[in-house]
Amino acid sequence: MSDAVSGEFLPANRDSTGGKVDSHPPKIDLRNAEAMRREMAAVYRDMRAKRIDVHDGTRLVYVLNALRQAYETDVLQKRLEKLESFYGTQHQKAP
């Protein structure tokens with residue numbers, strides 16, 4: 001990480017003023033699509049309240065949406081495999 005003003009490199013746990021930065025931010029609940037949607041809504045509210053820069057918030061929501069899509073794909077793939085397994089063992093008819 002570099003200081004944009006002086007061009008110096010700073011340790012990862014220090015900000016541009018030399019103060020310590022929390023290297024372990026609180027964990028975010030991403031256990032399912034609903035939790036990810038709630039986190040996206042929280043980021044949106046933070047952008048509206050100007051607690052998060054709009055550009056930073058947009059990037060966060062983009063990543064959260066990619067995670068949500070990957071989660072949904074995983075869930076659908078598992079459900080499809082169960083259906084295929086069930087119908088494959090129940091209906092072994094040749095065409």
# chains A, B, ... in the order shown; residues from 1 in each chain; ligands from 1
call {"tool": "residues_around", "arguments": {"residues": "segment 60-70 of chain A", "least_positions_apart": "6", "cutoff": "12 Å", "atoms": "only C-alpha atoms", "output": "PDB file with C-alpha atoms, in the first residue's frame"}}
result
ATOM      1  CA  ILE A  28     -19.936 -10.430   7.044  1.00  0.00           C
ATOM      2  CA  ASP A  29     -22.776 -12.938   6.891  1.00  0.00           C
ATOM      3  CA  LEU A  30     -22.660 -14.433   3.380  1.00  0.00           C
ATOM      4  CA  ARG A  31     -24.216 -17.817   4.156  1.00  0.00           C
ATOM      5  CA  ASN A  32     -27.013 -17.586   1.584  1.00  0.00           C
ATOM      6  CA  ALA A  33     -28.470 -15.389  -1.162  1.00  0.00           C
ATOM      7  CA  GLU A  34     -30.743 -13.551   1.298  1.00  0.00           C
ATOM      8  CA  ALA A  35     -27.784 -12.615   3.510  1.00  0.00           C
ATOM      9  CA  MET A  36     -25.869 -11.372   0.458  1.00  0.00           C
ATOM     10  CA  ARG A  37     -28.887  -9.313  -0.611  1.00  0.00           C
ATOM     11  CA  ARG A  38     -29.040  -7.761   2.867  1.00  0.00           C
ATOM     12  CA  GLU A  39     -25.336  -6.887   2.674  1.00  0.00           C
ATOM     13  CA  MET A  40     -25.847  -5.264  -0.739  1.00  0.00           C
ATOM     14  CA  ALA A  41     -28.707  -3.229   0.754  1.00  0.00           C
ATOM     15  CA  ALA A  42     -26.475  -2.184   3.662  1.00  0.00           C
ATOM     16  CA  VAL A  43     -23.793  -0.998   1.230  1.00  0.00           C
ATOM     17  CA  TYR A  44     -26.453   0.909  -0.710  1.00  0.00           C
ATOM     18  CA  ARG A  45     -27.657   2.610   2.481  1.00  0.00           C
ATOM     19  CA  ASP A  46     -24.049   3.496   3.368  1.00  0.00           C
ATOM     20  CA  MET A  47     -23.570   5.038  -0.085  1.00  0.00           C
ATOM     21  CA  ILE A  52     -19.002   4.865   1.643  1.00  0.00           C
ATOM     22  CA  ASP A  53     -17.791   6.490  -1.557  1.00  0.00           C
ATOM     23  CA  VAL A  54     -20.125   5.647  -4.451  1.00  0.00           C
ATOM     24  CA  LEU A  76     -28.939 -25.137  -8.597  1.00  0.00           C
ATOM     25  CA  GLN A  77     -26.167 -27.538  -9.627  1.00  0.00           C
TER      26      GLN A  77
END
call {"tool": "atom_distance", "arguments": {"atom1": "atom CA of Arg48 of chain A", "atom2": "atom CA of His24 of chain A"}}
result
25.4 Å
call {"tool": "atom_distance", "arguments": {"atom1": "atom CA of Arg51 of chain A", "atom2": "atom CA of Glu72 of chain A"}}
result
29.5 Å
call {"tool": "atom_distance", "arguments": {"atom1": "atom CA of Thr73 of chain A", "atom2": "atom CA of Lys27 of chain A"}}
result
23.2 Å
call {"tool": "select_by_dssp", "arguments": {"residues": "segment 12-90 of chain A", "states": "helix (DSSP H, G or I)", "output": "PyMOL selection string"}}
result
chain A and resi 33-48+54-90
call {"tool": "write_last_selection", "arguments": {"atoms": "C-alpha atoms", "output": "short mmCIF file (atom, residue, chain, number, x, y, z; two decimals), in the first residue's frame"}}
result
data_model
loop_
_atom_site.label_atom_id
_atom_site.label_comp_id
_atom_site.auth_asym_id
_atom_site.auth_seq_id
_atom_site.Cartn_x
_atom_site.Cartn_y
_atom_site.Cartn_z
CA ALA A 33 -28.47 -15.39 -1.16
CA GLU A 34 -30.74 -13.55 1.30
CA ALA A 35 -27.78 -12.61 3.51
CA MET A 36 -25.87 -11.37 0.46
CA ARG A 37 -28.89 -9.31 -0.61
CA ARG A 38 -29.04 -7.76 2.87
CA GLU A 39 -25.34 -6.89 2.67
CA MET A 40 -25.85 -5.26 -0.74
CA ALA A 41 -28.71 -3.23 0.75
CA ALA A 42 -26.48 -2.18 3.66
CA VAL A 43 -23.79 -1.00 1.23
CA TYR A 44 -26.45 0.91 -0.71
CA ARG A 45 -27.66 2.61 2.48
CA ASP A 46 -24.05 3.50 3.37
CA MET A 47 -23.57 5.04 -0.09
CA ARG A 48 -26.79 7.06 0.28
CA VAL A 54 -20.13 5.65 -4.45
CA HIS A 55 -17.28 4.15 -6.50
CA ASP A 56 -16.13 1.95 -3.62
CA GLY A 57 -19.70 0.91 -2.85
CA THR A 58 -20.33 0.02 -6.49
CA ARG A 59 -17.27 -2.23 -6.47
CA LEU A 60 -18.40 -3.90 -3.24
CA VAL A 61 -21.89 -4.55 -4.61
CA TYR A 62 -20.38 -5.90 -7.85
CA VAL A 63 -18.33 -8.46 -5.89
CA LEU A 64 -21.28 -9.31 -3.63
CA ASN A 65 -23.43 -9.90 -6.71
CA ALA A 66 -20.76 -12.17 -8.23
CA LEU A 67 -20.68 -14.16 -4.97
CA ARG A 68 -24.48 -14.38 -4.98
CA GLN A 69 -24.49 -15.66 -8.55
CA ALA A 70 -21.83 -18.26 -7.72
CA TYR A 71 -23.84 -19.34 -4.66
CA GLU A 72 -27.04 -19.67 -6.71
CA THR A 73 -25.22 -21.64 -9.40
CA ASP A 74 -23.87 -24.00 -6.76
CA VAL A 75 -27.32 -24.50 -5.20
CA LEU A 76 -28.94 -25.14 -8.60
CA GLN A 77 -26.17 -27.54 -9.63
CA LYS A 78 -26.62 -29.57 -6.44
CA ARG A 79 -30.40 -29.68 -6.90
CA LEU A 80 -30.00 -30.76 -10.52
CA GLU A 81 -27.57 -33.52 -9.53
CA LYS A 82 -30.09 -34.81 -6.97
CA LEU A 83 -32.86 -34.83 -9.57
CA GLU A 84 -30.67 -36.55 -12.14
CA SER A 85 -29.58 -39.12 -9.56
CA PHE A 86 -33.19 -39.80 -8.52
CA TYR A 87 -34.56 -40.08 -12.04
CA GLY A 88 -31.51 -41.94 -13.28
CA THR A 89 -32.00 -44.73 -10.70
CA GLN A 90 -35.82 -44.73 -10.87
#
call {"tool": "decode", "arguments": {"residues": "segment 75-92 of chain A", "atoms": "N, CA and C atoms", "output": "short mmCIF file (atom, residue, chain, number, x, y, z; two decimals), in the first residue's frame"}}
result
data_model
loop_
_atom_site.label_atom_id
_atom_site.label_comp_id
_atom_site.auth_asym_id
_atom_site.auth_seq_id
_atom_site.Cartn_x
_atom_site.Cartn_y
_atom_site.Cartn_z
N VAL A 75 -26.08 -23.93 -5.72
CA VAL A 75 -27.32 -24.50 -5.20
C VAL A 75 -28.09 -25.20 -6.33
N LEU A 76 -28.22 -24.54 -7.47
CA LEU A 76 -28.94 -25.14 -8.60
C LEU A 76 -28.24 -26.40 -9.11
N GLN A 77 -26.92 -26.37 -9.16
CA GLN A 77 -26.17 -27.54 -9.63
C GLN A 77 -26.41 -28.73 -8.70
N LYS A 78 -26.38 -28.49 -7.40
CA LYS A 78 -26.62 -29.57 -6.44
C LYS A 78 -28.04 -30.11 -6.56
N ARG A 79 -29.01 -29.23 -6.74
CA ARG A 79 -30.40 -29.68 -6.90
C ARG A 79 -30.56 -30.49 -8.18
N LEU A 80 -29.93 -30.04 -9.26
CA LEU A 80 -30.00 -30.76 -10.52
C LEU A 80 -29.37 -32.14 -10.40
N GLU A 81 -28.23 -32.22 -9.72
CA GLU A 81 -27.57 -33.52 -9.53
C GLU A 81 -28.46 -34.48 -8.74
N LYS A 82 -29.16 -33.97 -7.74
CA LYS A 82 -30.09 -34.81 -6.97
C LYS A 82 -31.22 -35.31 -7.85
N LEU A 83 -31.79 -34.42 -8.66
CA LEU A 83 -32.86 -34.83 -9.57
C LEU A 83 -32.38 -35.86 -10.58
N GLU A 84 -31.22 -35.60 -11.16
CA GLU A 84 -30.67 -36.55 -12.14
C GLU A 84 -30.38 -37.89 -11.49
N SER A 85 -29.87 -37.87 -10.28
CA SER A 85 -29.58 -39.12 -9.56
C SER A 85 -30.88 -39.87 -9.28
N PHE A 86 -31.91 -39.17 -8.83
CA PHE A 86 -33.19 -39.80 -8.52
C PHE A 86 -33.82 -40.39 -9.77
N TYR A 87 -33.92 -39.60 -10.81
CA TYR A 87 -34.56 -40.08 -12.04
C TYR A 87 -33.70 -41.07 -12.79
N GLY A 88 -32.40 -40.98 -12.63
CA GLY A 88 -31.51 -41.94 -13.28
C GLY A 88 -31.64 -43.33 -12.67
N THR A 89 -31.87 -43.42 -11.36
CA THR A 89 -32.00 -44.73 -10.70
C THR A 89 -33.44 -45.23 -10.75
N GLN A 90 -34.41 -44.33 -10.86
CA GLN A 90 -35.82 -44.73 -10.87
C GLN A 90 -36.31 -45.12 -12.26
N HIS A 91 -35.75 -44.53 -13.27
CA HIS A 91 -36.24 -44.71 -14.64
C HIS A 91 -35.08 -45.12 -15.54
N GLN A 92 -34.72 -46.34 -15.52
CA GLN A 92 -33.60 -46.84 -16.33
C GLN A 92 -34.08 -47.39 -17.67
#
